[in-house]
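J.: The structure's right below; bear with me while I get my questions together.
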Amino acid sequence: MSVLEIRDLQTTVETEQGTKQILRGVDLTVKTGEIHAIMGPNGSGKSTLAYTIAGHPKYTVTGGTITLDGEDVLAMTVDERARAGLFLAMQYPVEIPGVTNTNFLRTAKTAIDGEAPSIRTWSKDVKEAMTRLRMDSSFAARNVNEGFSGGEKKRNEILQLELLKPRFAVLDETDSGLDVDALKIVSEGVNRAHEATDLGILLITHYTRILRYIKPDFVHVFVAGKVAEEGGPDLAERLEEEGYDRYQVAESAADGADALNVG
Amino acid sequence: MSTYIETEPSFVPVQTRSERPTSYDPADFDAPTGREVDWKFSDVARLSPLFEDADGDPQAIDYEIEPEAFVQAPLAPGQAPRGEAFHPEDLPSAIAWKRTAEALHLVIPAGLETQEPVRVSIRGLGAQLRGHAHLVIEAQERSRAIVVLEHTGSARFAENVEVLVRDHAALTLITVQEWEDDAIHASAHQAVIGTGASLKHVVVSLGGAVVRVNPSVRLAGEHSEAQLLGAYFADAGQHLESQVYVYHEGRNTKGRVLYKGALQGASAHTVWIGDVLIGRDAVGTDSYEQNRNLVLTDGARADSVPNLEIETGDIEGAGHASATGRFDDEQLFYLQSRGITEEEARRLVVRGFLLEIVQQIGVESLAERLAQAIEAELSGGAS
């Protein structure tokens with residue numbers, strides 16, 4: 001049993017208008033096997049939370065802690081966090097020209113495991129995972145995310161999730177830009193990873209749509225850089241009906257945060 | 001999000017590109033001083049041995065050609081088709097023309113399609129030895145072939161490459177510079193492309209002290225196409241240069257230029273000048289040129305100058321881009337977020353940056369070998 005623990009997390013980002021505070025004291029505890037949905041209006045700081053956990057250099061942590069089984073995550077470099085078992089499925093996966101997906105996956109797997117995967121089982125694993133995500137085999141030889149459609153990029157993120165087998169995954173708006181079929185395929189992948197390795201999941205989303213396919217144990221409503229309300233799956237149903245309107249006062253307090261999500 | 005800095009063209013040429021003087025007589029050219037438009041960024045001091053109008057050393061260069069079946073009788077100056085497309089534009093080129101009594105003549109016969117590349121190995125036998133060459137590569141009508149020029153060893157080498165791509169032929173010409181550290185090399189390529197014909201031209205410069213490879217392509221025939229690719233990796237003290245010229249002369253021609261370079265180490269210097277001229281009659285032209293440089297360390301310098309001259313408004317499109325910058329932080333973050341160390345992520349990004357060119361070479365064994373050579377450059381090995 002592992003625990004990812006976030007306590008009173010405060011994050012700022014540098015903008016042309018000066019330093020802006022985005023996260024204003026976030027508390028969250030995710031245990032092995034748990035699925036937590038983080039929901040909230042645009043600009044509430046959801047993506048900032050995702051990138052802060054992963055260690056994006058653009059964000060400065062000004063207070064609070066993130067620990068993984070007691071280990072100080074904030075003291076780790078980006079790659080150390082990944083090797084410690086954290087994974088971020090990005091909203092806008094980056095294109096890497098000249099680096100094939102095959103080469104990238106093998107390099108990442110080797111880095112995470114500390115040793116090269118067995119050639120025979122590895123290529124079989126990759127092939128099968130791609131088939132399950134309905135990814136054409138040509139994606140293996142293509143450069144990472146280059147010329148991929150939005151949906152293909154998201155599948156490629158989940159492919160990495162399934163192959164790298166982290167302990168905790170942060171899914172940053174994985175549902176955005178997906179049609180229903182793609183959303184189903186991607187959700188199935190997330191559920192497979194959850195079952196296969198008892199993955200702990202932090203599912204960041206604006207809409208309740210993805211929660212039809214990925215069932216959260218806990219729902220947190222994120223407003224103005226912190227958790228405004230917490231509950232079980234029923235909270236998501238309530239948000240479906242009522243939207244974020246009743247948090248509106250709090251939302252305007254986070255004014256300006258909208259443009260600061262990494263995009 | 002990228003860290004590239006988009007740069008504006010930094011100077012206006014003193015003349016239009018098509019009016020640049022040409023001559024077969026070295027006496028018509030003054031020795032370059034570094035003030036001339038085509039020498040402005042060059043390492044004139046180190047190139048100066050190539051400005052001396054003297055005979056070459058008889059044993060300067062060793063040639064090997066495989067398969068030999070495509071080699072025809074050598075061509076004297078003025079013996080057709082030598083000179084059909086080639087008009088020296090600078091002093092080393094005029095000297096190479098005059099001092100090469102017997103030009104190598106490669107002919108891909110009409111209608112012949114061959115997968116196996118024709119390899120021309122050009123090995124310099126000493127850094128103090130002077131060599132000259134004029135090569136005529138003729139792809140006859142409807143032929144399809146790949147020719148690879150491989151430069152190794154060391155020499156002071158002035159080289160002309162004259163390329164005739166006849167109607168409906170498709171030629172790939174790859175020139176690889178893997179010289180020793182002390183080689184000096186100036187090369188002028190001039191190509192003319194016939195109706196419905198295409199040229200893929202690739203310059204890969206990794207080795208040598210000073211290497212200047214200037215390809216010039218005249219898209220003469222209707223519906224002719226040229227793709228010009230370049231990849232270069234400059235280490236400390238190296239000067240690698242390419243001045244690329246695409247002249248859209250015929251109707252409905254297409255030109256694509258993409259040169260990518262990496263620079264690493266003190267006083268590593270690269271120069272890319274890309275001239276595109278869309279002539280009066282070149283209606284329907286589709287043209288794009290691009291240069292990207294990745295500066296890996298302080299003290300390196302990449303000059304990048306795109307120029308576009310348009311003499312007719314009735315075209316499909318024309319554009320240029322030039323970007324020189326450091327690493328893309330988002331790419332590094334993405335790779336690191338998958339557990340890959342920063343050092344390895346940097347290596348992957350640079351390797352990938354240049355492999356984008358190498359992947360398009362179309363000769364698998366050569367692409368693989370060049371990928372390894374780039375890898376060696378990155379780990380600070382042989383240059």
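A note on labels: chains of the structure tokens are A, B, ... as shown, every chain counts residues from 1, and ligands are counted from 1 in their shown order.
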Report as JSON lines: every residue of chain A with an atom at most 9 Å from chain B, its closest pair of atoms, and their distance in Å to one decimal, counting only C-alpha atoms, with rows sorted by chain and ascending residue number.
T.:
{"residue": "A:Ala54", "atom": "CA", "partner": "B:Ser337", "partner_atom": "CA", "distance": 6.7}
{"residue": "A:Gly55", "atom": "CA", "partner": "B:Ser337", "partner_atom": "CA", "distance": 8.2}
{"residue": "A:His56", "atom": "CA", "partner": "B:Phe333", "partner_atom": "CA", "distance": 6.8}
{"residue": "A:Pro57", "atom": "CA", "partner": "B:Phe333", "partner_atom": "CA", "distance": 8.2}
{"residue": "A:Thr77", "atom": "CA", "partner": "B:Gln336", "partner_atom": "CA", "distance": 8.6}
{"residue": "A:Val78", "atom": "CA", "partner": "B:Ser337", "partner_atom": "CA", "distance": 5.6}
{"residue": "A:Asp79", "atom": "CA", "partner": "B:Gly339", "partner_atom": "CA", "distance": 4.2}
{"residue": "A:Glu80", "atom": "CA", "partner": "B:Gly339", "partner_atom": "CA", "distance": 6.4}
{"residue": "A:Arg81", "atom": "CA", "partner": "B:Gly339", "partner_atom": "CA", "distance": 7.4}
{"residue": "A:Ala82", "atom": "CA", "partner": "B:Gly339", "partner_atom": "CA", "distance": 4.7}
{"residue": "A:Arg83", "atom": "CA", "partner": "B:Gly339", "partner_atom": "CA", "distance": 5.2}
{"residue": "A:Ala84", "atom": "CA", "partner": "B:Gly339", "partner_atom": "CA", "distance": 8.7}
{"residue": "A:Leu86", "atom": "CA", "partner": "B:Ser337", "partner_atom": "CA", "distance": 8.5}
{"residue": "A:Phe87", "atom": "CA", "partner": "B:Ser337", "partner_atom": "CA", "distance": 7.1}
{"residue": "A:Leu88", "atom": "CA", "partner": "B:Ser337", "partner_atom": "CA", "distance": 7.2}
{"residue": "A:Met90", "atom": "CA", "partner": "B:Tyr334", "partner_atom": "CA", "distance": 8.8}
{"residue": "A:Pro93", "atom": "CA", "partner": "B:Tyr334", "partner_atom": "CA", "distance": 7.6}
{"residue": "A:Val94", "atom": "CA", "partner": "B:Gln331", "partner_atom": "CA", "distance": 6.2}
{"residue": "A:Glu95", "atom": "CA", "partner": "B:Gln331", "partner_atom": "CA", "distance": 7.2}
{"residue": "A:Ile96", "atom": "CA", "partner": "B:Gln331", "partner_atom": "CA", "distance": 6.4}
{"residue": "A:Pro97", "atom": "CA", "partner": "B:Gly352", "partner_atom": "CA", "distance": 5.6}
{"residue": "A:Gly98", "atom": "CA", "partner": "B:Gly352", "partner_atom": "CA", "distance": 3.6}
{"residue": "A:Val99", "atom": "CA", "partner": "B:Gly352", "partner_atom": "CA", "distance": 4.9}
{"residue": "A:Thr100", "atom": "CA", "partner": "B:Gly352", "partner_atom": "CA", "distance": 8.4}
{"residue": "A:Phe104", "atom": "CA", "partner": "B:Leu335", "partner_atom": "CA", "distance": 8.3}
{"residue": "A:Leu105", "atom": "CA", "partner": "B:Arg338", "partner_atom": "CA", "distance": 8.9}
{"residue": "A:Thr107", "atom": "CA", "partner": "B:Ile340", "partner_atom": "CA", "distance": 7.2}
{"residue": "A:Ala108", "atom": "CA", "partner": "B:Arg338", "partner_atom": "CA", "distance": 5.6}
{"residue": "A:Lys109", "atom": "CA", "partner": "B:Gly339", "partner_atom": "CA", "distance": 8.0}
{"residue": "A:Thr110", "atom": "CA", "partner": "B:Ile340", "partner_atom": "CA", "distance": 8.6}
{"residue": "A:Ala111", "atom": "CA", "partner": "B:Gly339", "partner_atom": "CA", "distance": 5.5}
{"residue": "A:Ile112", "atom": "CA", "partner": "B:Gly339", "partner_atom": "CA", "distance": 5.5}
{"residue": "A:Asn143", "atom": "CA", "partner": "B:Gly352", "partner_atom": "CA", "distance": 8.8}
{"residue": "A:Gln160", "atom": "CA", "partner": "B:Arg338", "partner_atom": "CA", "distance": 8.5}
{"residue": "A:Leu164", "atom": "CA", "partner": "B:Arg338", "partner_atom": "CA", "distance": 8.2}
{"residue": "A:Gly263", "atom": "CA", "partner": "B:Met1", "partner_atom": "CA", "distance": 7.8}
J.: I want to know what sits within 6 Å of stretch 74-82 of chain B, based on only C-alpha atoms, with residues of the same chain fewer than 4 positions away left out; could you give that as a PyMOL selection string?
T.: chain B and resi 101-105
J.: Which one of B:Gly255, B:His320, B:Ala236, B:Ala186 sits closest to B:Arg218 if you count only C-alpha atoms?
T.: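 Among B:Gly255, B:His320, B:Ala236, B:Ala186, it is B:Gly255 that comes nearest to B:Arg218.
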J.: Assign secondary structure with DSSP using the backbone only, and return the residues of stretch 62-132 of chain B in strand (DSSP E or B) as a PyMOL selection string.
T.: chain B and resi 62-66+71-75+103-108+113+118-132
J.: Export C-alpha atoms of the chosen residues as a PDB file, in the first residue's frame?
T.:
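The new file result-v2.pdb reads:
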ATOM      1  CA  ASP B  62      41.682   8.699 -53.903  1.00  0.00           C
ATOM      2  CA  TYR B  63      38.446   7.922 -55.765  1.00  0.00           C
ATOM      3  CA  GLU B  64      36.452   4.718 -55.655  1.00  0.00           C
ATOM      4  CA  ILE B  65      33.235   4.316 -57.580  1.00  0.00           C
ATOM      5  CA  GLU B  66      30.804   1.475 -57.160  1.00  0.00           C
ATOM      6  CA  VAL B  71      31.177   5.762 -65.307  1.00  0.00           C
ATOM      7  CA  GLN B  72      31.702   7.202 -68.790  1.00  0.00           C
ATOM      8  CA  ALA B  73      34.835   8.577 -70.451  1.00  0.00           C
ATOM      9  CA  PRO B  74      36.088  11.690 -68.590  1.00  0.00           C
ATOM     10  CA  LEU B  75      35.173  15.146 -69.826  1.00  0.00           C
ATOM     11  CA  ALA B 103      35.939  15.436 -65.078  1.00  0.00           C
ATOM     12  CA  LEU B 104      34.282  12.307 -63.786  1.00  0.00           C
ATOM     13  CA  HIS B 105      31.156  11.651 -65.842  1.00  0.00           C
ATOM     14  CA  LEU B 106      28.452   9.479 -64.273  1.00  0.00           C
ATOM     15  CA  VAL B 107      25.476   8.612 -66.424  1.00  0.00           C
ATOM     16  CA  ILE B 108      22.279   6.921 -65.311  1.00  0.00           C
ATOM     17  CA  GLU B 113      15.602   2.463 -62.323  1.00  0.00           C
ATOM     18  CA  VAL B 118      25.953   4.554 -56.768  1.00  0.00           C
ATOM     19  CA  ARG B 119      28.747   5.242 -54.278  1.00  0.00           C
ATOM     20  CA  VAL B 120      31.513   7.696 -55.005  1.00  0.00           C
ATOM     21  CA  SER B 121      34.124   7.544 -52.281  1.00  0.00           C
ATOM     22  CA  ILE B 122      36.373  10.604 -52.180  1.00  0.00           C
ATOM     23  CA  ARG B 123      39.237  10.168 -49.739  1.00  0.00           C
ATOM     24  CA  GLY B 124      41.728  12.919 -49.007  1.00  0.00           C
ATOM     25  CA  LEU B 125      45.265  11.633 -48.554  1.00  0.00           C
ATOM     26  CA  GLY B 126      46.779  14.514 -46.594  1.00  0.00           C
ATOM     27  CA  ALA B 127      45.799  17.805 -44.963  1.00  0.00           C
ATOM     28  CA  GLN B 128      48.531  19.700 -46.852  1.00  0.00           C
ATOM     29  CA  LEU B 129      47.606  18.229 -50.250  1.00  0.00           C
ATOM     30  CA  ARG B 130      45.646  20.269 -52.783  1.00  0.00           C
ATOM     31  CA  GLY B 131      42.903  18.553 -54.748  1.00  0.00           C
ATOM     32  CA  HIS B 132      40.446  19.677 -57.424  1.00  0.00           C
TER      33      HIS B 132
END
J.: When DSSP works through the backbone of this structure, what residues of stretch 26-234 of chain A end up as alpha helix (DSSP H), shown as a PyMOL selection string?
T.: chain A and resi 46-54+78-83+101-113+119-132+150-164+180-197+233-234
J.: Please list as a CSV table (one decimal) with C-alpha atoms, in the first residue's frame every residue within 8 Å of A:Leu163, counting only C-alpha atoms and excluding residues in the same chain fewer than 2 positions away.
T.:
chain,number,residue,atom,x,y,z
A,109,LYS,CA,10.9,1.6,-19.8
A,125,ASP,CA,3.8,-6.2,-24.8
A,126,VAL,CA,3.9,-3.0,-26.8
A,129,ALA,CA,-1.1,-2.7,-25.7
A,159,LEU,CA,-0.2,3.4,-23.9
A,160,GLN,CA,2.7,4.8,-21.9
A,161,LEU,CA,0.6,4.5,-18.7
A,165,LYS,CA,3.2,0.7,-14.8
J.: So that I can check the surroundings of A:Thr60, please list as a PDB file with N, CA and C atoms, in the first residue's frame every protein, DNA and RNA residue that reaches within 7 Å of it, counting only C-alpha atoms and ignoring chain neighbours fewer than 2 positions away.
T.:
ATOM      1  N   THR A  11       1.461  27.161  -4.870  1.00  0.00           N
ATOM      2  CA  THR A  11       2.290  27.258  -6.063  1.00  0.00           C
ATOM      3  C   THR A  11       2.100  28.618  -6.712  1.00  0.00           C
ATOM      4  N   THR A  12       3.208  29.183  -7.186  1.00  0.00           N
ATOM      5  CA  THR A  12       3.119  30.433  -7.954  1.00  0.00           C
ATOM      6  C   THR A  12       3.703  30.214  -9.339  1.00  0.00           C
ATOM      7  N   VAL A  13       3.369  31.141 -10.232  1.00  0.00           N
ATOM      8  CA  VAL A  13       3.939  31.113 -11.569  1.00  0.00           C
ATOM      9  C   VAL A  13       4.310  32.545 -11.928  1.00  0.00           C
ATOM     10  N   LYS A  58       8.170  25.466 -14.673  1.00  0.00           N
ATOM     11  CA  LYS A  58       7.479  26.750 -14.754  1.00  0.00           C
ATOM     12  C   LYS A  58       6.816  27.131 -13.422  1.00  0.00           C
ATOM     13  N   THR A  62       5.725  27.391  -3.192  1.00  0.00           N
ATOM     14  CA  THR A  62       6.082  28.377  -2.162  1.00  0.00           C
ATOM     15  C   THR A  62       5.692  27.907  -0.764  1.00  0.00           C
TER      16      THR A  62
END
J.: Name all residues at most 8 Å from B:Pro32 (count only C-alpha atoms; drop same-chain ones fewer than 3 positions away) and give them as a ChimeraX atom specification.
T.: /B:35-36,39,44,51,91
J.: For the residues in the current selection, export all heavy atoms as a PDB file, in the first residue's frame.
T.:
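File produced: selection17.pdb:
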ATOM      1  N   ARG B  35      34.204  40.547 -47.152  1.00  0.00           N
ATOM      2  CA  ARG B  35      33.197  41.613 -47.237  1.00  0.00           C
ATOM      3  C   ARG B  35      32.131  41.297 -48.290  1.00  0.00           C
ATOM      4  O   ARG B  35      31.070  41.876 -48.307  1.00  0.00           O
ATOM      5  CB  ARG B  35      33.870  42.955 -47.565  1.00  0.00           C
ATOM      6  CG  ARG B  35      34.617  43.558 -46.380  1.00  0.00           C
ATOM      7  CD  ARG B  35      35.104  44.977 -46.684  1.00  0.00           C
ATOM      8  NE  ARG B  35      36.091  45.015 -47.758  1.00  0.00           N
ATOM      9  CZ  ARG B  35      37.394  44.836 -47.559  1.00  0.00           C
ATOM     10  NH1 ARG B  35      37.859  44.629 -46.357  1.00  0.00           N
ATOM     11  NH2 ARG B  35      38.223  44.872 -48.583  1.00  0.00           N
ATOM     12  N   GLU B  36      32.451  40.356 -49.191  1.00  0.00           N
ATOM     13  CA  GLU B  36      31.523  40.025 -50.268  1.00  0.00           C
ATOM     14  C   GLU B  36      30.277  39.330 -49.717  1.00  0.00           C
ATOM     15  O   GLU B  36      30.332  38.661 -48.685  1.00  0.00           O
ATOM     16  CB  GLU B  36      32.207  39.088 -51.285  1.00  0.00           C
ATOM     17  CG  GLU B  36      33.490  39.627 -51.883  1.00  0.00           C
ATOM     18  CD  GLU B  36      34.697  39.483 -50.964  1.00  0.00           C
ATOM     19  OE1 GLU B  36      34.555  38.923 -49.850  1.00  0.00           O
ATOM     20  OE2 GLU B  36      35.786  39.934 -51.360  1.00  0.00           O
ATOM     21  N   TRP B  39      30.716  35.694 -49.046  1.00  0.00           N
ATOM     22  CA  TRP B  39      31.809  35.305 -48.141  1.00  0.00           C
ATOM     23  C   TRP B  39      31.661  35.957 -46.773  1.00  0.00           C
ATOM     24  O   TRP B  39      32.516  35.817 -45.910  1.00  0.00           O
ATOM     25  CB  TRP B  39      33.174  35.688 -48.750  1.00  0.00           C
ATOM     26  CG  TRP B  39      33.482  34.957 -50.011  1.00  0.00           C
ATOM     27  CD1 TRP B  39      33.296  35.397 -51.291  1.00  0.00           C
ATOM     28  CD2 TRP B  39      34.018  33.632 -50.129  1.00  0.00           C
ATOM     29  NE1 TRP B  39      33.680  34.431 -52.193  1.00  0.00           N
ATOM     30  CE2 TRP B  39      34.131  33.350 -51.509  1.00  0.00           C
ATOM     31  CE3 TRP B  39      34.415  32.654 -49.203  1.00  0.00           C
ATOM     32  CZ2 TRP B  39      34.622  32.129 -51.995  1.00  0.00           C
ATOM     33  CZ3 TRP B  39      34.906  31.441 -49.681  1.00  0.00           C
ATOM     34  CH2 TRP B  39      35.005  31.190 -51.063  1.00  0.00           C
ATOM     35  N   VAL B  44      37.214  33.026 -44.166  1.00  0.00           N
ATOM     36  CA  VAL B  44      38.046  33.313 -45.328  1.00  0.00           C
ATOM     37  C   VAL B  44      39.512  32.962 -45.065  1.00  0.00           C
ATOM     38  O   VAL B  44      40.207  32.429 -45.928  1.00  0.00           O
ATOM     39  CB  VAL B  44      37.885  34.795 -45.730  1.00  0.00           C
ATOM     40  CG1 VAL B  44      38.919  35.201 -46.759  1.00  0.00           C
ATOM     41  CG2 VAL B  44      36.473  35.026 -46.260  1.00  0.00           C
ATOM     42  N   PHE B  51      42.165  29.627 -52.545  1.00  0.00           N
ATOM     43  CA  PHE B  51      42.083  30.798 -53.423  1.00  0.00           C
ATOM     44  C   PHE B  51      43.295  30.869 -54.359  1.00  0.00           C
ATOM     45  O   PHE B  51      43.434  31.802 -55.137  1.00  0.00           O
ATOM     46  CB  PHE B  51      42.009  32.100 -52.602  1.00  0.00           C
ATOM     47  CG  PHE B  51      40.859  32.146 -51.622  1.00  0.00           C
ATOM     48  CD1 PHE B  51      40.920  32.965 -50.503  1.00  0.00           C
ATOM     49  CD2 PHE B  51      39.718  31.377 -51.831  1.00  0.00           C
ATOM     50  CE1 PHE B  51      39.868  33.019 -49.600  1.00  0.00           C
ATOM     51  CE2 PHE B  51      38.672  31.428 -50.924  1.00  0.00           C
ATOM     52  CZ  PHE B  51      38.733  32.238 -49.804  1.00  0.00           C
ATOM     53  N   LEU B  91      35.749  31.985 -56.638  1.00  0.00           N
ATOM     54  CA  LEU B  91      37.121  31.679 -57.025  1.00  0.00           C
ATOM     55  C   LEU B  91      37.480  30.194 -56.896  1.00  0.00           C
ATOM     56  O   LEU B  91      37.993  29.610 -57.857  1.00  0.00           O
ATOM     57  CB  LEU B  91      38.082  32.575 -56.221  1.00  0.00           C
ATOM     58  CG  LEU B  91      39.570  32.432 -56.514  1.00  0.00           C
ATOM     59  CD1 LEU B  91      39.865  32.656 -58.001  1.00  0.00           C
ATOM     60  CD2 LEU B  91      40.379  33.427 -55.665  1.00  0.00           C
TER      61      LEU B  91
END
J.: Show me, as a compact mmCIF listing (two decimals) with N, CA and C atoms, in the first residue's frame, the residues that have an atom within 10 Å of stretch 301-308 of chain B when counting only C-alpha atoms, minus same-chain residues fewer than 6 positions from it.
T.:
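Result file follows (around_28.txt):
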# COMPACT_ATOMS: atom_id res chain seq x y z
N THR B 7 14.08 34.65 -36.15
CA THR B 7 14.96 35.74 -36.55
C THR B 7 14.53 36.34 -37.88
N GLU B 8 14.73 37.61 -37.99
CA GLU B 8 14.44 38.30 -39.24
C GLU B 8 15.68 38.21 -40.12
N PRO B 9 15.47 38.19 -41.44
CA PRO B 9 16.63 38.26 -42.34
C PRO B 9 17.49 39.47 -41.96
N SER B 10 18.80 39.25 -41.87
CA SER B 10 19.60 40.31 -41.27
C SER B 10 20.33 41.19 -42.27
N PHE B 11 20.30 40.85 -43.54
CA PHE B 11 20.86 41.82 -44.47
C PHE B 11 20.16 41.71 -45.83
N VAL B 12 20.29 42.76 -46.58
CA VAL B 12 19.70 42.82 -47.91
C VAL B 12 20.81 42.58 -48.91
N PRO B 13 20.64 41.63 -49.84
CA PRO B 13 21.72 41.37 -50.79
C PRO B 13 21.99 42.60 -51.64
N THR B 16 20.56 41.13 -57.03
CA THR B 16 19.68 39.98 -57.00
C THR B 16 20.54 38.75 -57.29
N ARG B 17 20.07 37.61 -56.77
CA ARG B 17 20.88 36.40 -56.80
C ARG B 17 21.22 35.98 -58.23
N PHE B 41 30.00 35.60 -44.07
CA PHE B 41 30.04 34.84 -42.81
C PHE B 41 31.09 33.73 -42.84
N ALA B 234 28.32 20.97 -35.78
CA ALA B 234 29.61 21.65 -35.65
C ALA B 234 30.13 21.54 -34.22
N HIS B 239 33.90 25.06 -38.74
CA HIS B 239 33.08 26.00 -39.49
C HIS B 239 32.37 25.22 -40.61
N LEU B 240 31.06 25.14 -40.52
CA LEU B 240 30.29 24.40 -41.53
C LEU B 240 29.30 25.36 -42.18
N GLU B 241 29.30 25.35 -43.50
CA GLU B 241 28.54 26.37 -44.21
C GLU B 241 27.79 25.78 -45.40
N SER B 242 26.58 26.29 -45.62
CA SER B 242 25.87 25.96 -46.85
C SER B 242 25.11 27.17 -47.34
N GLN B 243 25.37 27.54 -48.58
CA GLN B 243 24.58 28.59 -49.22
C GLN B 243 23.72 27.90 -50.27
N VAL B 244 22.44 27.94 -50.04
CA VAL B 244 21.51 27.18 -50.85
C VAL B 244 20.77 28.14 -51.78
N TYR B 245 20.66 27.77 -53.04
CA TYR B 245 19.96 28.64 -53.98
C TYR B 245 18.98 27.80 -54.79
N VAL B 246 17.72 28.19 -54.76
CA VAL B 246 16.71 27.54 -55.60
C VAL B 246 16.14 28.59 -56.54
N GLY B 261 20.78 22.21 -38.05
CA GLY B 261 22.14 22.11 -37.54
C GLY B 261 22.19 22.12 -36.03
N ALA B 262 23.19 21.44 -35.50
CA ALA B 262 23.46 21.50 -34.07
C ALA B 262 24.88 22.01 -33.88
N LEU B 263 25.06 22.80 -32.83
CA LEU B 263 26.38 23.38 -32.56
C LEU B 263 26.75 23.12 -31.11
N GLN B 264 28.01 22.71 -30.94
CA GLN B 264 28.46 22.34 -29.60
C GLN B 264 29.92 22.70 -29.44
N GLY B 265 30.23 23.55 -28.46
CA GLY B 265 31.63 23.84 -28.18
C GLY B 265 32.05 25.24 -28.60
N ALA B 266 33.16 25.70 -28.01
CA ALA B 266 33.64 27.06 -28.25
C ALA B 266 33.94 27.26 -29.72
N SER B 267 33.52 28.40 -30.23
CA SER B 267 33.74 28.86 -31.60
C SER B 267 33.27 27.87 -32.67
N ALA B 268 32.36 26.97 -32.31
CA ALA B 268 31.67 26.20 -33.36
C ALA B 268 30.83 27.21 -34.14
N HIS B 269 30.92 27.16 -35.46
CA HIS B 269 30.25 28.18 -36.28
C HIS B 269 29.57 27.52 -37.47
N THR B 270 28.30 27.83 -37.66
CA THR B 270 27.61 27.34 -38.85
C THR B 270 26.99 28.52 -39.58
N VAL B 271 26.89 28.36 -40.89
CA VAL B 271 26.32 29.41 -41.72
C VAL B 271 25.32 28.77 -42.68
N TRP B 272 24.15 29.32 -42.71
CA TRP B 272 23.18 28.90 -43.72
C TRP B 272 22.63 30.16 -44.37
N ILE B 273 22.78 30.22 -45.69
CA ILE B 273 22.14 31.31 -46.43
C ILE B 273 21.23 30.64 -47.46
N GLY B 274 19.98 30.96 -47.40
CA GLY B 274 19.03 30.33 -48.32
C GLY B 274 18.43 31.38 -49.24
N ASP B 275 18.80 31.29 -50.51
CA ASP B 275 18.23 32.22 -51.50
C ASP B 275 17.20 31.48 -52.34
N VAL B 276 16.06 32.10 -52.50
CA VAL B 276 15.05 31.56 -53.41
C VAL B 276 14.67 32.67 -54.37
N LEU B 277 14.73 32.34 -55.66
CA LEU B 277 14.30 33.31 -56.67
C LEU B 277 13.14 32.71 -57.46
N ILE B 278 12.05 33.43 -57.49
CA ILE B 278 10.91 33.00 -58.29
C ILE B 278 10.88 33.91 -59.51
N SER B 287 6.93 27.20 -53.04
CA SER B 287 8.30 27.21 -52.51
C SER B 287 8.32 27.46 -51.01
N TYR B 288 9.16 26.71 -50.32
CA TYR B 288 9.32 26.97 -48.89
C TYR B 288 10.73 26.62 -48.47
N GLU B 289 11.35 27.47 -47.70
CA GLU B 289 12.69 27.16 -47.21
C GLU B 289 12.75 27.42 -45.71
N GLN B 290 13.50 26.57 -45.05
CA GLN B 290 13.54 26.63 -43.61
C GLN B 290 14.91 26.21 -43.08
N ASN B 291 15.37 26.91 -42.07
CA ASN B 291 16.61 26.54 -41.39
C ASN B 291 16.38 26.59 -39.88
N ARG B 292 16.82 25.53 -39.21
CA ARG B 292 16.70 25.49 -37.76
C ARG B 292 18.03 25.09 -37.14
N ASN B 293 18.40 25.80 -36.12
CA ASN B 293 19.66 25.50 -35.44
C ASN B 293 19.44 25.33 -33.95
N LEU B 294 20.14 24.36 -33.41
CA LEU B 294 20.07 24.07 -31.99
C LEU B 294 21.45 24.36 -31.41
N VAL B 295 21.52 25.39 -30.58
CA VAL B 295 22.80 25.79 -30.00
C VAL B 295 22.93 25.12 -28.64
N ALA B 318 4.86 30.90 -51.25
CA ALA B 318 6.29 30.99 -51.01
C ALA B 318 6.49 31.45 -49.57
N GLY B 319 7.42 30.83 -48.91
CA GLY B 319 7.65 31.25 -47.54
C GLY B 319 9.03 30.84 -47.07
N HIS B 320 9.43 31.42 -45.95
CA HIS B 320 10.68 30.99 -45.35
C HIS B 320 10.60 31.12 -43.84
N ALA B 321 11.45 30.37 -43.18
CA ALA B 321 11.51 30.43 -41.73
C ALA B 321 12.93 30.15 -41.29
N SER B 322 13.30 30.79 -40.23
CA SER B 322 14.63 30.57 -39.69
C SER B 322 14.53 30.67 -38.18
N ALA B 323 15.05 29.70 -37.49
CA ALA B 323 14.98 29.72 -36.04
C ALA B 323 16.25 29.14 -35.45
N THR B 324 16.80 29.87 -34.51
CA THR B 324 17.99 29.39 -33.83
C THR B 324 17.72 29.50 -32.34
N GLY B 325 17.93 28.42 -31.63
CA GLY B 325 17.62 28.50 -30.21
C GLY B 325 18.26 27.40 -29.41
J.: Considering only C-alpha atoms, return as a PyMOL selection string whatever protein or nucleic-acid residues lie within 10 Å of A:Asp27, sequence-local ones (same chain, fewer than 2 positions apart) excluded.
T.: chain A and resi 5-9+24-25+29+64-66+226-227
J.: Atom CA of B:Val204 and atom CA of B:Tyr247 are how many Å apart?
T.: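 Interatomic distance here is 21.9 Å.
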J.: Rounded to one decimal, what separation in Å do you get between atom CA of A:Leu23 and atom CA of A:Gly40?
T.: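 Going from atom CA of A:Leu23 over to atom CA of A:Gly40 covers 13.2 Å.
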J.: For a test of reading the model, state the distance in Å between atom CA of B:Thr285 and atom CA of B:Ser216, rounded to one decimal.
T.: 17.0 Å
J.: From the list A:Asp113, A:Trp122, A:Gly33, A:Asn101, which residue is nearest A:Ser137 when using only C-alpha atoms?
T.: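 Once distances to A:Ser137 are computed over only C-alpha atoms, the minimum belongs to A:Asn101.
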